[in-house]
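Asks: Structure supplied as data_26.cif; contents: mmCIF, C-alpha atoms.
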```cif
data_target
loop_
_atom_site.label_atom_id
_atom_site.label_comp_id
_atom_site.auth_asym_id
_atom_site.auth_seq_id
_atom_site.Cartn_x
_atom_site.Cartn_y
_atom_site.Cartn_z
CA MET A 1 -36.68 -0.78 -11.53
CA SER A 2 -36.70 -4.54 -11.76
CA GLN A 3 -38.44 -7.01 -9.54
CA ARG A 4 -35.05 -7.87 -8.07
CA HIS A 5 -34.78 -4.39 -6.74
CA SER A 6 -37.98 -4.45 -4.71
CA ASP A 7 -36.99 -7.86 -3.34
CA HIS A 8 -34.02 -6.22 -1.71
CA ALA A 9 -36.09 -3.57 0.01
CA GLN A 10 -34.59 -0.20 0.77
CA ASP A 11 -31.30 -1.53 2.02
CA HIS A 12 -30.03 -1.95 -1.46
CA THR A 13 -29.86 -0.02 -4.67
CA ASP A 14 -29.48 -2.18 -7.71
CA VAL A 15 -26.07 -1.85 -9.28
CA PRO A 16 -26.34 -0.94 -12.92
CA SER A 17 -24.72 -2.90 -15.65
CA ASP A 18 -22.84 0.26 -16.44
CA PRO A 19 -21.65 1.87 -13.21
CA ALA A 20 -20.06 4.73 -15.13
CA LEU A 21 -23.47 5.93 -16.32
CA ARG A 22 -25.02 5.60 -12.88
CA VAL A 23 -22.22 7.54 -11.23
CA LYS A 24 -22.43 10.24 -13.87
CA ALA A 25 -26.17 10.51 -13.24
CA LEU A 26 -25.64 10.76 -9.48
CA GLU A 27 -22.97 13.39 -9.93
CA SER A 28 -25.14 15.55 -12.18
CA LEU A 29 -28.06 15.18 -9.77
CA LEU A 30 -25.99 16.31 -6.79
CA VAL A 31 -24.55 19.22 -8.78
CA GLU A 32 -28.03 20.21 -10.01
CA LYS A 33 -29.34 20.21 -6.44
CA GLY A 34 -26.48 22.44 -5.36
CA LEU A 35 -25.09 19.79 -3.02
CA VAL A 36 -21.80 19.37 -4.82
CA ASP A 37 -19.57 22.03 -6.31
CA PRO A 38 -18.15 20.61 -9.57
CA VAL A 39 -14.88 22.52 -9.16
CA ALA A 40 -14.44 21.10 -5.64
CA LEU A 41 -15.12 17.66 -7.05
CA ASP A 42 -12.36 18.11 -9.61
CA VAL A 43 -10.00 19.20 -6.83
CA LEU A 44 -10.80 16.01 -4.90
CA VAL A 45 -10.36 13.82 -7.97
CA ASP A 46 -7.02 15.43 -8.75
CA THR A 47 -5.91 15.09 -5.13
CA TYR A 48 -6.58 11.40 -4.85
CA GLU A 49 -5.53 10.49 -8.40
CA ASN A 50 -2.34 12.50 -8.50
CA ARG A 51 -1.29 14.09 -5.23
CA VAL A 52 -1.40 11.38 -2.61
CA GLY A 53 0.36 8.08 -2.98
CA PRO A 54 3.10 5.80 -1.72
CA ARG A 55 5.87 8.24 -2.63
CA HIS A 56 4.99 10.14 0.55
CA GLY A 57 5.47 7.02 2.64
CA ALA A 58 8.71 6.26 0.79
CA GLN A 59 10.07 9.68 1.79
CA VAL A 60 9.20 8.99 5.42
CA VAL A 61 10.93 5.61 5.30
CA ALA A 62 14.07 6.92 3.62
CA ARG A 63 14.36 9.71 6.16
CA ALA A 64 14.01 7.22 9.01
CA TRP A 65 16.83 5.16 7.48
CA VAL A 66 19.30 8.05 7.37
CA GLU A 67 18.23 10.00 10.46
CA PRO A 68 18.17 7.89 13.65
CA ALA A 69 16.51 10.62 15.74
CA TYR A 70 13.69 10.90 13.19
CA LYS A 71 13.28 7.13 13.16
CA GLN A 72 12.88 7.17 16.92
CA ARG A 73 10.26 9.93 16.75
CA LEU A 74 8.48 7.99 14.01
CA LEU A 75 8.26 4.84 16.11
CA ASP A 76 7.29 6.79 19.25
CA ASP A 77 4.58 8.91 17.63
CA GLY A 78 3.98 8.13 13.97
CA THR A 79 1.32 10.81 13.49
CA ALA A 80 3.56 13.65 14.74
CA ALA A 81 6.68 12.51 12.88
CA ILE A 82 4.76 12.02 9.62
CA ALA A 83 3.16 15.45 10.02
CA GLU A 84 6.68 16.83 10.54
CA SER A 85 7.48 15.48 7.06
CA GLY A 86 4.45 17.33 5.74
CA PHE A 87 1.90 14.55 5.48
CA SER A 88 -1.48 14.47 7.17
CA GLY A 89 -5.11 14.22 6.19
CA PRO A 90 -8.10 11.90 6.15
CA GLN A 91 -7.34 8.39 7.47
CA GLY A 92 -4.29 9.84 9.15
CA GLU A 93 -5.58 10.89 12.55
CA LYS A 94 -3.51 8.26 14.32
CA LEU A 95 -0.64 6.67 12.43
CA THR A 96 1.39 3.87 13.94
CA VAL A 97 4.70 2.87 12.40
CA VAL A 98 5.90 -0.69 13.01
CA GLU A 99 9.49 -1.66 12.32
CA ASN A 100 10.66 -4.73 10.44
CA THR A 101 13.93 -6.22 11.69
CA PRO A 102 15.83 -9.43 10.90
CA SER A 103 13.74 -11.16 13.60
CA VAL A 104 10.32 -9.45 13.29
CA HIS A 105 8.18 -9.04 10.19
CA ASN A 106 5.03 -6.89 10.27
CA VAL A 107 2.16 -7.06 7.79
CA ILE A 108 -0.96 -4.89 7.61
CA VAL A 109 -4.50 -5.92 6.74
CA CYS A 110 -8.03 -4.69 7.36
CA THR A 111 -10.37 -7.66 7.74
CA LEU A 112 -13.57 -5.60 8.06
CA CYS A 113 -13.17 -3.17 5.18
CA SER A 114 -10.18 -1.39 3.67
CA CYS A 115 -8.54 0.76 6.37
CA TYR A 116 -5.30 2.13 4.98
CA PRO A 117 -3.02 5.10 5.77
CA TRP A 118 -4.06 7.45 2.94
CA PRO A 119 -1.67 10.32 3.80
CA VAL A 120 1.40 8.13 3.30
CA LEU A 121 0.24 5.42 0.87
CA GLY A 122 -2.67 6.96 -1.03
CA LEU A 123 -5.64 4.72 -1.84
CA PRO A 124 -5.20 0.96 -1.51
CA PRO A 125 -4.72 -1.36 -4.49
CA THR A 126 -7.54 -3.79 -5.32
CA TRP A 127 -5.71 -6.85 -3.99
CA TYR A 128 -5.45 -5.25 -0.52
CA LYS A 129 -9.27 -4.96 -0.52
CA SER A 130 -9.81 -8.44 -1.97
CA SER A 131 -11.82 -11.00 -0.01
CA ALA A 132 -8.87 -13.39 -0.17
CA TYR A 133 -6.33 -10.98 1.32
CA ARG A 134 -8.73 -9.80 4.04
CA SER A 135 -9.79 -13.29 5.05
CA ARG A 136 -6.48 -15.14 4.83
CA THR A 137 -3.87 -12.71 6.12
CA VAL A 138 -4.93 -12.93 9.77
CA MET A 139 -5.04 -16.72 9.86
CA ASP A 140 -2.30 -17.65 7.41
CA PRO A 141 0.04 -14.68 7.01
CA ARG A 142 2.98 -16.87 5.98
CA GLY A 143 0.92 -18.53 3.25
CA VAL A 144 -0.23 -15.17 1.87
CA LEU A 145 3.28 -13.72 2.00
CA SER A 146 4.71 -16.81 0.33
CA GLU A 147 2.13 -16.55 -2.45
CA LEU A 148 3.26 -12.96 -2.93
CA GLY A 149 6.87 -14.09 -3.20
CA LEU A 150 8.08 -13.54 0.35
CA ASP A 151 9.15 -16.70 2.18
CA LEU A 152 10.05 -16.01 5.79
CA PRO A 153 12.16 -18.37 7.92
CA ASP A 154 10.32 -20.08 10.77
CA ALA A 155 12.44 -18.24 13.31
CA VAL A 156 11.13 -14.84 12.17
CA GLU A 157 8.19 -13.61 14.23
CA VAL A 158 5.28 -12.52 12.05
CA ARG A 159 3.07 -9.78 13.48
CA VAL A 160 -0.23 -9.18 11.75
CA TRP A 161 -1.89 -5.81 12.36
CA ASP A 162 -5.65 -5.87 11.77
CA SER A 163 -6.17 -2.19 11.17
CA ASN A 164 -9.79 -1.30 11.63
CA ALA A 165 -10.20 0.97 14.63
CA ALA A 166 -8.34 3.98 16.01
CA SER A 167 -5.06 3.62 14.14
CA ARG A 168 -3.75 3.19 10.64
CA TYR A 169 -0.41 1.45 10.14
CA LEU A 170 2.75 1.88 8.10
CA VAL A 171 5.52 -0.71 8.01
CA LEU A 172 9.06 0.63 8.28
CA PRO A 173 10.92 -1.90 6.13
CA GLU A 174 14.52 -2.96 6.69
CA ARG A 175 17.09 -0.91 4.86
CA PRO A 176 18.61 -3.20 2.25
CA LYS A 177 22.29 -4.03 2.11
CA GLY A 178 24.47 -2.17 -0.36
CA THR A 179 22.77 1.18 0.21
CA GLU A 180 25.24 2.68 2.69
CA SER A 181 26.42 5.40 0.32
CA MET A 182 23.02 6.28 -1.13
CA SER A 183 21.34 9.64 -0.60
CA GLU A 184 17.97 9.96 1.12
CA ALA A 185 16.32 10.84 -2.21
CA ASP A 186 17.79 7.78 -3.92
CA LEU A 187 16.80 5.56 -1.01
CA ALA A 188 13.23 6.77 -1.29
CA MET A 189 13.21 5.55 -4.91
CA LEU A 190 13.86 2.02 -3.67
CA VAL A 191 10.94 1.89 -1.23
CA THR A 192 7.83 0.19 -2.60
CA ARG A 193 4.23 0.34 -1.50
CA ASP A 194 4.28 -3.43 -0.97
CA ALA A 195 7.18 -3.10 1.47
CA MET A 196 5.27 -0.46 3.48
CA ILE A 197 2.22 -2.78 3.69
CA GLY A 198 4.56 -5.58 4.69
CA VAL A 199 4.01 -8.02 1.83
CA ALA A 200 7.53 -7.52 0.46
CA LYS A 201 10.99 -6.45 1.49
CA VAL A 202 12.87 -3.57 -0.07
CA ALA A 203 15.27 -5.08 -2.58
CA SER A 204 18.92 -4.14 -2.69
CA PRO A 205 19.69 -1.83 -5.60
CA ARG A 206 20.91 -3.46 -8.76
CA VAL A 207 24.50 -2.66 -9.63
CA GLY A 208 24.60 0.78 -11.15
CA ASP A 209 21.43 2.03 -9.40
CA GLY A 210 21.68 5.08 -7.23
CA ALA A 211 25.19 5.87 -8.38
CA MET B 1 -23.28 -7.80 12.62
CA ASN B 2 -22.13 -11.23 11.53
CA GLY B 3 -21.98 -10.07 7.93
CA ILE B 4 -19.97 -11.12 4.93
CA HIS B 5 -17.70 -8.10 5.46
CA ASP B 6 -16.34 -9.70 8.65
CA MET B 7 -13.96 -11.91 6.70
CA GLY B 8 -11.01 -12.53 8.98
CA GLY B 9 -10.32 -16.28 9.08
CA MET B 10 -12.80 -17.27 6.37
CA GLN B 11 -11.65 -19.70 3.69
CA GLY B 12 -12.50 -20.24 0.08
CA LEU B 13 -12.88 -16.58 -0.88
CA GLY B 14 -10.89 -16.80 -4.09
CA GLU B 15 -7.60 -15.46 -5.32
CA LEU B 16 -5.54 -12.56 -4.06
CA GLY B 17 -5.49 -11.09 -7.57
CA TYR B 18 -2.20 -9.41 -6.88
CA HIS B 19 -0.77 -6.97 -9.40
CA GLU B 20 2.44 -5.08 -8.79
CA ASN B 21 2.13 -1.29 -8.88
CA GLU B 22 -1.62 -1.51 -9.33
CA PRO B 23 -3.26 1.93 -9.20
CA GLY B 24 -5.81 2.81 -6.51
CA PHE B 25 -8.43 3.43 -9.22
CA HIS B 26 -8.98 1.39 -12.37
CA GLU B 27 -11.73 3.34 -14.05
CA ALA B 28 -12.60 7.02 -14.16
CA TRP B 29 -15.97 6.49 -12.42
CA GLU B 30 -14.29 4.93 -9.38
CA VAL B 31 -12.41 8.06 -8.40
CA ARG B 32 -15.57 10.10 -9.07
CA VAL B 33 -17.54 7.98 -6.58
CA PHE B 34 -14.73 8.39 -4.11
CA ALA B 35 -14.70 12.17 -4.64
CA LEU B 36 -18.51 12.40 -4.36
CA VAL B 37 -18.33 10.70 -0.96
CA GLN B 38 -15.70 13.20 0.19
CA ALA B 39 -17.66 16.12 -1.26
CA MET B 40 -20.91 15.13 0.44
CA GLN B 41 -19.29 14.72 3.88
CA VAL B 42 -22.05 12.33 4.90
CA GLY B 43 -20.00 10.49 7.51
CA ALA B 44 -19.08 6.84 7.73
CA LEU B 45 -20.44 4.66 4.96
CA ARG B 46 -19.33 1.39 6.54
CA PRO B 47 -22.67 0.61 8.21
CA TYR B 48 -24.35 1.02 4.81
CA ILE B 49 -21.76 -1.11 3.02
CA GLU B 50 -22.28 -3.83 5.60
CA ARG B 51 -26.02 -3.86 4.93
CA ILE B 52 -25.52 -4.84 1.29
CA PRO B 53 -26.80 -8.43 0.95
CA ALA B 54 -23.89 -10.88 1.03
CA ALA B 55 -24.32 -12.22 -2.51
CA ASP B 56 -24.34 -8.68 -3.90
CA TYR B 57 -21.43 -7.61 -1.71
CA LEU B 58 -19.27 -10.40 -3.13
CA ARG B 59 -20.32 -9.67 -6.70
CA MET B 60 -19.75 -5.92 -6.54
CA ASN B 61 -16.42 -4.27 -7.04
CA TYR B 62 -15.19 -2.07 -4.22
CA TYR B 63 -16.41 1.27 -5.52
CA GLU B 64 -19.76 -0.20 -6.57
CA ARG B 65 -20.22 -0.84 -2.84
CA TRP B 66 -19.34 2.78 -2.13
CA TYR B 67 -21.85 3.96 -4.73
CA THR B 68 -24.58 1.75 -3.28
CA ALA B 69 -23.84 2.84 0.27
CA LEU B 70 -23.73 6.53 -0.65
CA VAL B 71 -27.06 6.39 -2.50
CA THR B 72 -28.71 4.46 0.34
CA ARG B 73 -27.49 6.98 2.88
CA LEU B 74 -28.53 10.01 0.82
CA ILE B 75 -32.01 8.56 0.36
CA GLU B 76 -32.41 7.61 4.02
CA ARG B 77 -31.35 11.07 5.06
CA GLY B 78 -33.87 12.59 2.69
CA ILE B 79 -31.14 14.41 0.77
CA VAL B 80 -32.26 12.89 -2.51
CA THR B 81 -35.19 10.70 -3.48
CA ARG B 82 -34.95 7.33 -5.19
CA ALA B 83 -36.87 8.77 -8.13
CA GLU B 84 -34.27 11.52 -8.51
CA VAL B 85 -31.45 8.96 -8.48
CA GLU B 86 -33.23 6.87 -11.12
CA ARG B 87 -33.77 9.93 -13.31
CA GLY B 88 -30.46 11.63 -12.68
CA HIS B 89 -32.35 14.91 -12.31
CA ALA B 90 -33.75 16.88 -9.40
CA ASP B 91 -37.45 17.16 -8.71
CA PRO B 92 -38.68 20.30 -10.51
CA ASP B 93 -39.67 22.28 -7.40
CA VAL B 94 -36.48 21.57 -5.43
CA VAL B 95 -34.75 24.44 -3.60
CA LYS B 96 -31.12 24.61 -4.57
CA ALA B 97 -28.68 23.94 -1.71
CA THR B 98 -25.24 25.45 -1.09
CA PRO B 99 -22.34 22.99 -1.35
CA VAL B 100 -20.62 22.22 1.97
CA VAL B 101 -17.33 21.44 0.27
CA THR B 102 -16.15 24.44 -1.74
CA PRO B 103 -12.93 24.27 -3.81
CA VAL B 104 -11.08 25.92 -0.92
CA VAL B 105 -12.40 23.37 1.58
CA ALA B 106 -11.58 20.56 -0.86
CA ARG B 107 -7.94 21.69 -0.96
CA GLU B 108 -7.81 21.86 2.85
CA LEU B 109 -9.32 18.39 3.22
CA LEU B 110 -6.09 16.93 1.91
CA PHE B 111 -4.16 18.20 4.89
CA ARG B 112 -6.74 17.97 7.64
CA ALA B 113 -7.03 14.79 9.65
CA PRO B 114 -10.54 14.76 11.12
CA ARG B 115 -10.18 14.41 14.85
CA THR B 116 -12.22 11.67 16.50
CA GLU B 117 -10.16 11.17 19.65
CA GLN B 118 -12.00 12.61 22.64
CA ASP B 119 -10.30 14.93 25.12
CA ILE B 120 -12.31 13.89 28.14
CA ALA B 121 -11.42 12.33 31.46
CA LEU B 122 -12.58 8.75 31.68
CA ALA B 123 -11.04 6.08 33.88
CA PRO B 124 -9.83 3.08 31.87
CA ARG B 125 -11.25 -0.29 32.80
CA PHE B 126 -8.06 -2.06 31.75
CA ARG B 127 -4.34 -1.40 32.15
CA VAL B 128 -1.37 -2.29 29.99
CA GLY B 129 -0.45 -5.91 30.74
CA ASP B 130 -3.98 -6.95 31.73
CA ARG B 131 -5.27 -10.22 30.29
CA VAL B 132 -8.57 -9.67 28.52
CA ARG B 133 -11.04 -11.76 26.57
CA GLY B 134 -13.14 -10.81 23.54
CA ARG B 135 -16.76 -10.86 24.67
CA ASN B 136 -19.19 -13.27 23.07
CA ILE B 137 -21.47 -10.62 21.60
CA HIS B 138 -23.37 -10.54 18.32
CA PRO B 139 -24.46 -6.96 17.62
CA THR B 140 -27.05 -6.86 14.85
CA THR B 141 -25.77 -3.55 13.52
CA HIS B 142 -22.38 -2.00 12.81
CA THR B 143 -19.47 -3.06 15.01
CA ARG B 144 -15.69 -2.99 14.70
CA MET B 145 -15.20 -6.21 16.62
CA PRO B 146 -14.22 -9.00 14.22
CA ARG B 147 -15.84 -12.30 15.11
CA TYR B 148 -12.49 -14.13 15.22
CA THR B 149 -11.65 -12.27 18.45
CA ARG B 150 -14.72 -13.51 20.36
CA GLY B 151 -13.88 -15.72 23.29
CA LYS B 152 -10.14 -15.30 22.66
CA THR B 153 -7.73 -14.16 25.34
CA GLY B 154 -5.08 -11.54 24.73
CA VAL B 155 -3.04 -8.94 26.56
CA VAL B 156 -3.47 -5.16 26.63
CA GLU B 157 -0.43 -3.77 24.84
CA ARG B 158 -1.30 -0.06 24.78
CA ASP B 159 -4.09 2.34 25.69
CA ARG B 160 -4.97 4.19 22.49
CA GLY B 161 -7.01 6.92 24.13
CA ILE B 162 -10.72 7.64 24.10
CA PHE B 163 -12.88 7.26 21.01
CA THR B 164 -16.62 7.04 20.44
CA LEU B 165 -17.82 3.45 20.24
CA PRO B 166 -18.75 3.01 16.58
CA ASP B 167 -21.47 0.53 17.53
CA SER B 168 -23.43 3.37 19.09
CA GLU B 169 -23.62 5.27 15.80
CA ARG B 170 -26.84 3.58 14.85
CA VAL B 171 -28.09 1.76 17.93
CA SER B 172 -28.45 4.87 20.03
CA ALA B 173 -28.32 8.59 19.47
CA GLU B 174 -26.23 8.95 22.61
CA PRO B 175 -22.49 8.78 21.79
CA LYS B 176 -20.55 6.39 23.96
CA PRO B 177 -16.90 7.41 24.25
CA GLN B 178 -14.58 4.88 25.84
CA HIS B 179 -10.98 3.69 25.87
CA VAL B 180 -9.61 1.79 22.91
CA TYR B 181 -6.83 -0.70 23.60
CA LEU B 182 -4.26 -2.29 21.39
CA ILE B 183 -4.61 -6.01 22.12
CA HIS B 184 -1.99 -8.65 21.44
CA PHE B 185 -3.21 -12.17 20.63
CA THR B 186 -0.93 -15.09 19.92
CA ALA B 187 -1.55 -16.94 16.66
CA HIS B 188 -1.95 -20.11 18.75
CA GLU B 189 -4.78 -18.57 20.75
CA LEU B 190 -6.63 -17.40 17.65
CA TRP B 191 -6.00 -20.23 15.21
CA GLY B 192 -4.92 -23.23 17.22
CA GLU B 193 -1.85 -25.37 17.59
CA GLU B 194 -1.16 -25.52 13.86
CA ALA B 195 -0.41 -21.81 13.71
CA SER B 196 3.20 -20.74 14.07
CA ALA B 197 4.31 -20.53 17.69
CA HIS B 198 6.19 -17.29 16.95
CA ASP B 199 3.40 -15.37 15.32
CA SER B 200 0.86 -12.97 16.72
CA LEU B 201 -1.86 -10.50 15.88
CA TYR B 202 -2.46 -6.97 17.07
CA ILE B 203 -5.78 -5.18 16.93
CA ASP B 204 -7.37 -2.08 18.46
CA MET B 205 -10.51 -2.90 20.44
CA TRP B 206 -13.06 -0.75 22.24
CA GLU B 207 -13.62 -1.39 25.92
CA ASP B 208 -17.13 -2.79 25.36
CA TYR B 209 -15.65 -5.59 23.25
CA LEU B 210 -13.55 -6.86 26.18
CA GLU B 211 -13.92 -8.50 29.57
CA PRO B 212 -11.29 -9.42 32.18
CA ALA B 213 -9.73 -12.84 31.61
#
```
Re-express the file's structure as structure tokens.

Replies:
Amino acid sequence: MSQRHSDHAQDHTDVPSDPALRVKALESLLVEKGLVDPVALDVLVDTYENRVGPRHGAQVVARAWVEPAYKQRLLDDGTAAIAESGFSGPQGEKLTVVENTPSVHNVIVCTLCSCYPWPVLGLPPTWYKSSAYRSRTVMDPRGVLSELGLDLPDAVEVRVWDSNAASRYLVLPERPKGTESMSEADLAMLVTRDAMIGVAKVASPRVGDGA
Amino acid sequence: MNGIHDMGGMQGLGELGYHENEPGFHEAWEVRVFALVQAMQVGALRPYIERIPAADYLRMNYYERWYTALVTRLIERGIVTRAEVERGHADPDVVKATPVVTPVVARELLFRAPRTEQDIALAPRFRVGDRVRGRNIHPTTHTRMPRYTRGKTGVVERDRGIFTLPDSERVSAEPKPQHVYLIHFTAHELWGEEASAHDSLYIDMWEDYLEPA
């Protein structure tokens, strides 16, 4: 290892110029030592690449829009209501759902790391974990939202949720106008990840959508 | 600790870098690091991520931090040696272990939320509606109290239940379960008169982070 490495003492392992090679080496070491089962590893990769993601959250939101009793359960006990829809797992021990209304807008951030409700949104996008989003959203939520294309009137109350302890959060966005006749499945298609983080609203369907 | 990871309220940390519909992983190795962490079941990596020197932390991408933290933890626990990591091969005389996470366990992990809430009786120090202040403390190791809450007064909105104080994970071997409260701060209180009078911030805080106001 380089001189730089020893300067950093044991708190730090030098990051290679090619992380792919380093990770491959670590993986083969752990498999060789019998610490990791390669088939289990493939199951985990497949799970988090393909099986969890924001479509789960979108189903929860759409159901809450069409089923008032479910919406109430969701707001009262997010974890139980989301489990009722079939979603649970790591980073989902305690899920809190916060509702956007014409007068209240909620937005989620984790200033200390990257806390995020995996069972309903999957793994977070890079921008959610960026230094800029983490540092600015608590102090200047309106500026961040505006930069992301969402300008909120002064009269709207902005609630920032710094998610880094017991709970993970999901925003229940407002149901857009012009969706009264849409099915739950079609509604779910409208719901975006950004809207469930609270950096966007759900747009009304374009004419012809959901017909 | 007052590390670079405690970013809330800092300025000048660059662009948001927003991309619509961005995937959770950009390169194949990133999901493999993520999966290795799940497969090793080594517990929270956050304290190790926070120990990465600030300049390196800012330079690294997110999963490079995970890789670094995982390797550091595995070495400190004596699960692998640094020489093995450098070589990518086990020491010749090593006794082969049995994987904790089998394919069956891996499939179950998707549906199992690890339970950290404690079912014990413990009187809460604060009640809903109480005014509380973030204590002026500067732990030198892992904490979940962001520095922007220190000295600020808020109101207890909800009692979240009892969870082990994460600060005790490294400071002491003795777990310290206590109530966690959802605290409501006004934007004015946290950021001054220039912040919007309508806006507010909510955050879960362990009892040890708070004092009566």

Asks: Show me, as a list in words, the residues that have an atom within 12 Å of Arg73 of chain B when counting only C-alpha atoms, minus same-chain residues fewer than 3 positions from it.

Replies: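 Returned residues: Gln10, Asp11, His12 and Thr13 of chain A; Val37, Met40, Gln41, Val42, Gly43, Ala44, Leu45, Arg46, Pro47, Tyr48, Ile49, Arg51, Trp66, Tyr67, Thr68, Ala69, Leu70, Glu76, Arg77, Gly78, Ile79, Val80, Thr81 and Arg82 of chain B.
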
Asks: Find the residues of chain B that sit at most 6 Å from chain A; for each, write down the nearest two atoms and how far apart they are in Å, to one decimal. Count all atoms listed in the file. Sort by chain, then by number going up, and give it as CSV.

Replies:
```
residue,atom,partner,partner_atom,distance
B:His5,CA,A:Leu112,CA,5.5
B:Asp6,CA,A:Leu112,CA,5.0
B:Met7,CA,A:Ser135,CA,4.7
B:Gly8,CA,A:Ser135,CA,4.2
B:Gly9,CA,A:Ser135,CA,5.0
B:Met10,CA,A:Ser135,CA,5.2
B:Leu13,CA,A:Ala132,CA,5.2
B:Gly14,CA,A:Ala132,CA,5.6
B:Glu15,CA,A:Ala132,CA,5.7
B:Leu16,CA,A:Ala132,CA,5.2
B:Gly17,CA,A:Trp127,CA,5.6
B:Tyr18,CA,A:Trp127,CA,5.2
B:Glu22,CA,A:Pro125,CA,5.7
B:Pro23,CA,A:Pro125,CA,5.9
B:Gly24,CA,A:Pro125,CA,4.8
B:Trp29,CA,A:Ala20,CA,5.2
B:Ala35,CA,A:Leu44,CA,5.5
B:Thr68,CA,A:Thr13,CA,5.7
B:Gly88,CA,A:Ala25,CA,4.5
B:His89,CA,A:Leu29,CA,5.0
B:Ala90,CA,A:Leu29,CA,6.0
B:Lys96,CA,A:Lys33,CA,5.1
B:Ala97,CA,A:Gly34,CA,4.5
B:Thr98,CA,A:Gly34,CA,5.4
B:Pro99,CA,A:Leu35,CA,4.5
B:Thr102,CA,A:Ala40,CA,5.4
B:Pro103,CA,A:Ala40,CA,4.0
B:Ala106,CA,A:Ala40,CA,5.6
B:Leu110,CA,A:Gly89,CA,5.2
B:Phe111,CA,A:Gly89,CA,4.3
B:Arg112,CA,A:Gly89,CA,4.3
B:Ala113,CA,A:Gly89,CA,4.0
B:His198,CA,A:Glu157,CA,5.0
B:Asp199,CA,A:Val158,CA,4.7
B:Ser200,CA,A:Arg159,CA,5.1
B:Leu201,CA,A:Val160,CA,4.6
B:Tyr202,CA,A:Trp161,CA,4.9
B:Ile203,CA,A:Asp162,CA,5.2
B:Asp204,CA,A:Ala165,CA,5.7
```

Asks: Those same residues - C-alpha atoms - I'd like them written as a CSV table (one decimal), in the coordinates of the input.

Replies:
```
chain,number,residue,atom,x,y,z
B,5,HIS,CA,-17.7,-8.1,5.5
B,6,ASP,CA,-16.3,-9.7,8.6
B,7,MET,CA,-14.0,-11.9,6.7
B,8,GLY,CA,-11.0,-12.5,9.0
B,9,GLY,CA,-10.3,-16.3,9.1
B,10,MET,CA,-12.8,-17.3,6.4
B,13,LEU,CA,-12.9,-16.6,-0.9
B,14,GLY,CA,-10.9,-16.8,-4.1
B,15,GLU,CA,-7.6,-15.5,-5.3
B,16,LEU,CA,-5.5,-12.6,-4.1
B,17,GLY,CA,-5.5,-11.1,-7.6
B,18,TYR,CA,-2.2,-9.4,-6.9
B,22,GLU,CA,-1.6,-1.5,-9.3
B,23,PRO,CA,-3.3,1.9,-9.2
B,24,GLY,CA,-5.8,2.8,-6.5
B,29,TRP,CA,-16.0,6.5,-12.4
B,35,ALA,CA,-14.7,12.2,-4.6
B,68,THR,CA,-24.6,1.8,-3.3
B,88,GLY,CA,-30.5,11.6,-12.7
B,89,HIS,CA,-32.4,14.9,-12.3
B,90,ALA,CA,-33.8,16.9,-9.4
B,96,LYS,CA,-31.1,24.6,-4.6
B,97,ALA,CA,-28.7,23.9,-1.7
B,98,THR,CA,-25.2,25.4,-1.1
B,99,PRO,CA,-22.3,23.0,-1.4
B,102,THR,CA,-16.2,24.4,-1.7
B,103,PRO,CA,-12.9,24.3,-3.8
B,106,ALA,CA,-11.6,20.6,-0.9
B,110,LEU,CA,-6.1,16.9,1.9
B,111,PHE,CA,-4.2,18.2,4.9
B,112,ARG,CA,-6.7,18.0,7.6
B,113,ALA,CA,-7.0,14.8,9.6
B,198,HIS,CA,6.2,-17.3,17.0
B,199,ASP,CA,3.4,-15.4,15.3
B,200,SER,CA,0.9,-13.0,16.7
B,201,LEU,CA,-1.9,-10.5,15.9
B,202,TYR,CA,-2.5,-7.0,17.1
B,203,ILE,CA,-5.8,-5.2,16.9
B,204,ASP,CA,-7.4,-2.1,18.5
```

Asks: Need to verify the contact set: Leu190 of chain B, 8 Å, only C-alpha atoms, exclusion of same-chain residues closer than 2 positions in sequence. Can you return it as a list in words?

Replies: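 That gives Met139 of chain A; Tyr148, Thr149, Lys152, Phe185, Thr186, Ala187, His188 and Gly192 of chain B.
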
Asks: Could you pull the residues within 9 Å of segment 65-75 of chain A, counting all atoms listed in the file, minus those fewer than 6 positions along the same chain, as a ChimeraX atom specification?

Replies: /A:81-82,96-99,172,174-175,183-184,187

Asks: For atom CA of Arg147 of chain B and atom CA of Ile197 of chain A, quote the distance in Å rounded to one decimal.

Replies: 23.4 Å

Asks: Once the PyMOL selection byres ((chain B and resi 116-127) around 12) is applied to the coordinates I shared, what remains selected? I want it as a PyMOL selection string.

Replies: (chain A and resi 90-94+165-167) or (chain B and resi 43+113-115+128-133+155-166+175-183+205-213)

Asks: What is the distance, in Å and to one decimal place, between atom CA of Arg32 of chain B and atom CA of Glu86 of chain B?

Replies: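 Interatomic distance here is 18.1 Å.
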
Asks: Padding of 6 Å on every side, edges along x, y and z, all listed atoms of segment 134-152 of chain B included: what centre and edge lengths in Å, to one decimal, does that box have, as AutoDock Vina command-line options?

Replies:
```
--center_x -18.6 --center_y -8.9 --center_z 18.7 --size_x 28.9 --size_y 25.7 --size_z 23.9
```

Asks: Quick one: distance from atom CA of Val171 of chain A to atom CA of Met189 of chain A in Å, one decimal?

Replies: 16.3 Å
